[in-house]
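Below is one structure, written out as structure tokens; the observations come after it.
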Amino acid sequence: MLYMKPFFDLHARLFILLMLLTLPLPCLAEAPEDPERPNFVWIVSEDNSKHYMKLFDPMGIATPHIEALAEQGIVFTRAFSNAPVCSVARSSLISSCFAPRTGTQFHRKSRPVPMPEGLQMFPVYLRNAGYYTTNNSKEDYNYIKSTGTWDESSPSAHWSNRRPGQPFFHMESHPETHESRLHFGPELMESYRPVTDPLKISLFPEHPDTELFRFTAAYYRDKILAVDSIVGRVIAQLKSEGILENTFVFYFSDHGGVLPGSKGYLYETGLHVPLVVRIPEKYRHLVEMERGTRSETFVSFVDFGPTLLHLAGIGLHREMDGVPFLGNEVKDRAGHRMAFGYADRFDEKYDLVRSVRKGRLKYIRNYQPFNVDALQNNYRYMCRAYQQWREMFHAGALNPVQRRFFERREPEALYDLERDPFETVNLANDPGYHESLLEMRRTLSAWVREMPDLSFYPENILYREAFDLPVEFGQTHKEKIDHLIDIADLGLLSFEEARPGISEALYSRDMLDIYWGLIVCTIFGQEAAPFFEKSRQLLDHPDLLVRTRAAEFLALAQVADPVPVITAALDATSDPLEALLILNTLVLLMDEAGYQFDLEEQELHPVVRRDAEVGRRLHYIASRRTQSKKL
């Protein structure tokens, strides 16, 4: 039986089914006899959403080279990265698979995982069909790289090294717009005069109108101009070599960002990417859309690999989650109007958020809504605008929209993006949108269950038990994951409706049931007072994460001091990932609830102390302790 996903629309399902029935499974079809195949070039900028280019958004700036590309191609106005951070997004891109299904959802990876059984990174199939494949040069995969993915992957990799007449796929990534470009000091504001006028910038509504935010926004748009120049340079080279009209050229970003509140979050500024595809004259017959048009077809990163394979006349593998969005016989793709997103761990910061956009509506499911968006991530807060934003929040100087980033979220959010493109008004409790809410909730629930979504197991357990064969683990434990999702979804009910299910979870003998039952209690807070006594008993549970979640619930409900329990749990663990989960709770309670933790780093297990992500947390905790002493 073929492995199909229920969230594909009917047309996409039929397309894949017809294609698969004509292929030898589980591998790909043989390459066509005709050696005349198109070339492909991907020009990828890092960390920028579609909001910075006038081609996509009125708030953006002119990008003449990208706009010229669009005149000879198609502008995709509904293109999405599946994740708002590099390694997870690039893993989805190279595999054509949803990361929470394959164990690649954590940034940075605790260990690389194998590709799904029988599936290779998609350039392998191009290479097997005679293509010369090059990558210049960022990879950043959470997978073990497939043998034969690239003929060359290096800072010097280029299509020019291929055999004469050999078709090629060339990918190049450019860091000019990377998040690190905003890690500047005050001296830059004194020495640099932005090309983009800071006074003419339209700030995102969540950002305070300060000199620093205006400078940061203008400076970042100048970096977009650098990307535009790169696109122009690549096009000029293809033209000078006489191969431009044989080559599909894609320009896109590897995910959204990077002004505060975008990269790392499932908002449109974190996921919605620019995408322009130039259609070569020689292969216009492969694309039914006209050049110079704009398409509202929904595409996401899992679709990019299948699109190249289809254009090259190569079939699709049944383990791929994506479908082609260009090529003959894909005109019905216009009915595909969904895109899914996921956010888990980003460096040392944990969360568990899933999203689906369908047409004009966007639904976000926060499975642990008490983990505020602003929860410390050391790399994010190297940006001075982030620091100022937080300082203004603590000073009470932000309006309600600007404060939202620092406040507890709702378990689910619904946005009408035509009316509210920056997701400032949550419609989840609006009676006029109730039916839409239920439909979007069902759509997302069906998706996380069908994958199944591995993140309902804590990462330390996945590391020990799942990462050798993640997909197989998910299928073997699908019933259990369904059950954990049922417990997590108790947080969407009233407390009285949820109470029997919470009780069953907390009195279970299964550590994972208890773990998720406590998370749901934390969502309800003081309402969950009937479970205070049981949670106190769980402070002595054999599992350290259960103790931590019990302490977290009681602390945020303001009925028990979590410091002794969490400190002891941290001292007891020898597992860096378990320690990182405990530290996530510690920092939340320290920053959001005011608890003081006086950690003795030497008391921690040596393996824990040596972990880089744990080190980020320990560095931050030490800095907060130093600040407190100064005050």
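In the structure tokens, chains take the letters A, B, ... in the order shown, each chain's residues start at 1, and ligands count up from 1 in the order shown.
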Each range 41-70 of chain A residue no farther than 12 Å from range 257-274 of chain A, nearest pair in Å, only C-alpha atoms, as a Markdown table:
```
| residue | atom | partner | partner_atom | distance |
| --- | --- | --- | --- | --- |
| A:Ile43 | CA | A:Pro274 | CA | 11.5 |
| A:Val44 | CA | A:Pro274 | CA | 10.1 |
| A:Ser45 | CA | A:Pro274 | CA | 9.7 |
| A:Glu46 | CA | A:Gly257 | CA | 8.5 |
| A:Asp47 | CA | A:Gly257 | CA | 4.8 |
| A:Asn48 | CA | A:Gly257 | CA | 4.6 |
| A:Ser49 | CA | A:Val273 | CA | 4.6 |
| A:Lys50 | CA | A:Pro274 | CA | 4.5 |
| A:His51 | CA | A:Thr269 | CA | 7.2 |
| A:Tyr52 | CA | A:Pro274 | CA | 9.1 |
| A:Met53 | CA | A:Pro274 | CA | 8.1 |
| A:Lys54 | CA | A:Pro274 | CA | 10.6 |
| A:Leu55 | CA | A:Pro274 | CA | 8.8 |
| A:Phe56 | CA | A:Pro274 | CA | 7.1 |
| A:Asp57 | CA | A:Pro274 | CA | 9.8 |
| A:Gly60 | CA | A:Pro274 | CA | 11.4 |
| A:Thr63 | CA | A:Pro274 | CA | 11.8 |
| A:Ile66 | CA | A:Pro274 | CA | 10.1 |
| A:Glu67 | CA | A:Pro274 | CA | 11.5 |
| A:Ala70 | CA | A:Pro274 | CA | 11.2 |
```
Legend entry - Of the listed residues A:Val41, A:Leu454, A:Ala572, A:Ala374, that which approaches Gly474 in chain A most closely, counting only C-alpha atoms: A:Leu454
Legend entry - Residue contacts of Glu423 in chain A (9 Å, only C-alpha atoms) excluding same-chain residues fewer than 6 positions away, as a ChimeraX atom specification: /A:267-268,362,414-417
Next, write the just-selected residues to a file, as a PDB file, in the first residue's frame, keeping C-alpha atoms as the atom set.
```
ATOM      1  CA  TYR A 267       4.415  33.848  11.891  1.00  0.00           C
ATOM      2  CA  GLU A 268       4.327  34.949   8.258  1.00  0.00           C
ATOM      3  CA  LYS A 362      -3.618  30.882   9.344  1.00  0.00           C
ATOM      4  CA  LEU A 414      -6.463  31.947  14.128  1.00  0.00           C
ATOM      5  CA  TYR A 415      -5.660  34.868  11.853  1.00  0.00           C
ATOM      6  CA  ASP A 416      -7.372  36.309   8.792  1.00  0.00           C
ATOM      7  CA  LEU A 417      -4.330  37.373   6.808  1.00  0.00           C
TER       8      LEU A 417
END
```
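Closest to Thr216 in chain A among A:Ala385, A:Ala579, A:Leu93, A:Met115 is A:Ala385, based on only C-alpha atoms.
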Inset, instruction - Excluding Phe393 in chain A and residues on its chain fewer than 5 positions from it, collect all residues at most 12 Å away from it, counting only C-alpha atoms, and give them as a VMD selection string. - result: chain A and resid 206 to 208 374 386 to 388 398 to 407
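Proximity to Phe98 in chain A was assessed for A:Phe40, A:Tyr433, A:Phe213, A:Trp447 counting only C-alpha atoms; the smallest distance is recorded for A:Trp447.
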Excluding Arg294 in chain A and its own-chain neighbours fewer than 4 positions away, which residues fall within 10 Å of it when counting only C-alpha atoms? Please give them as a CSV table (one decimal) with C-alpha atoms, in the first residue's frame.
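Output file result.csv is given in full below:
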```
chain,number,residue,atom,x,y,z
A,56,PHE,CA,6.0,40.9,-3.0
A,70,ALA,CA,10.1,37.9,-12.7
A,71,GLU,CA,9.3,39.4,-16.1
A,73,GLY,CA,9.1,33.9,-15.2
A,74,ILE,CA,6.6,33.4,-12.4
A,75,VAL,CA,6.3,35.2,-9.1
A,76,PHE,CA,4.9,32.8,-6.5
A,77,THR,CA,3.1,34.9,-3.9
A,78,ARG,CA,2.3,32.0,-1.6
A,276,VAL,CA,10.7,33.8,-8.4
A,289,MET,CA,1.6,29.2,-16.8
A,290,GLU,CA,2.7,32.2,-18.9
```
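What separates CA of Asp430 in chain A from CA of Leu588 in chain A is a distance of 29.8 Å.
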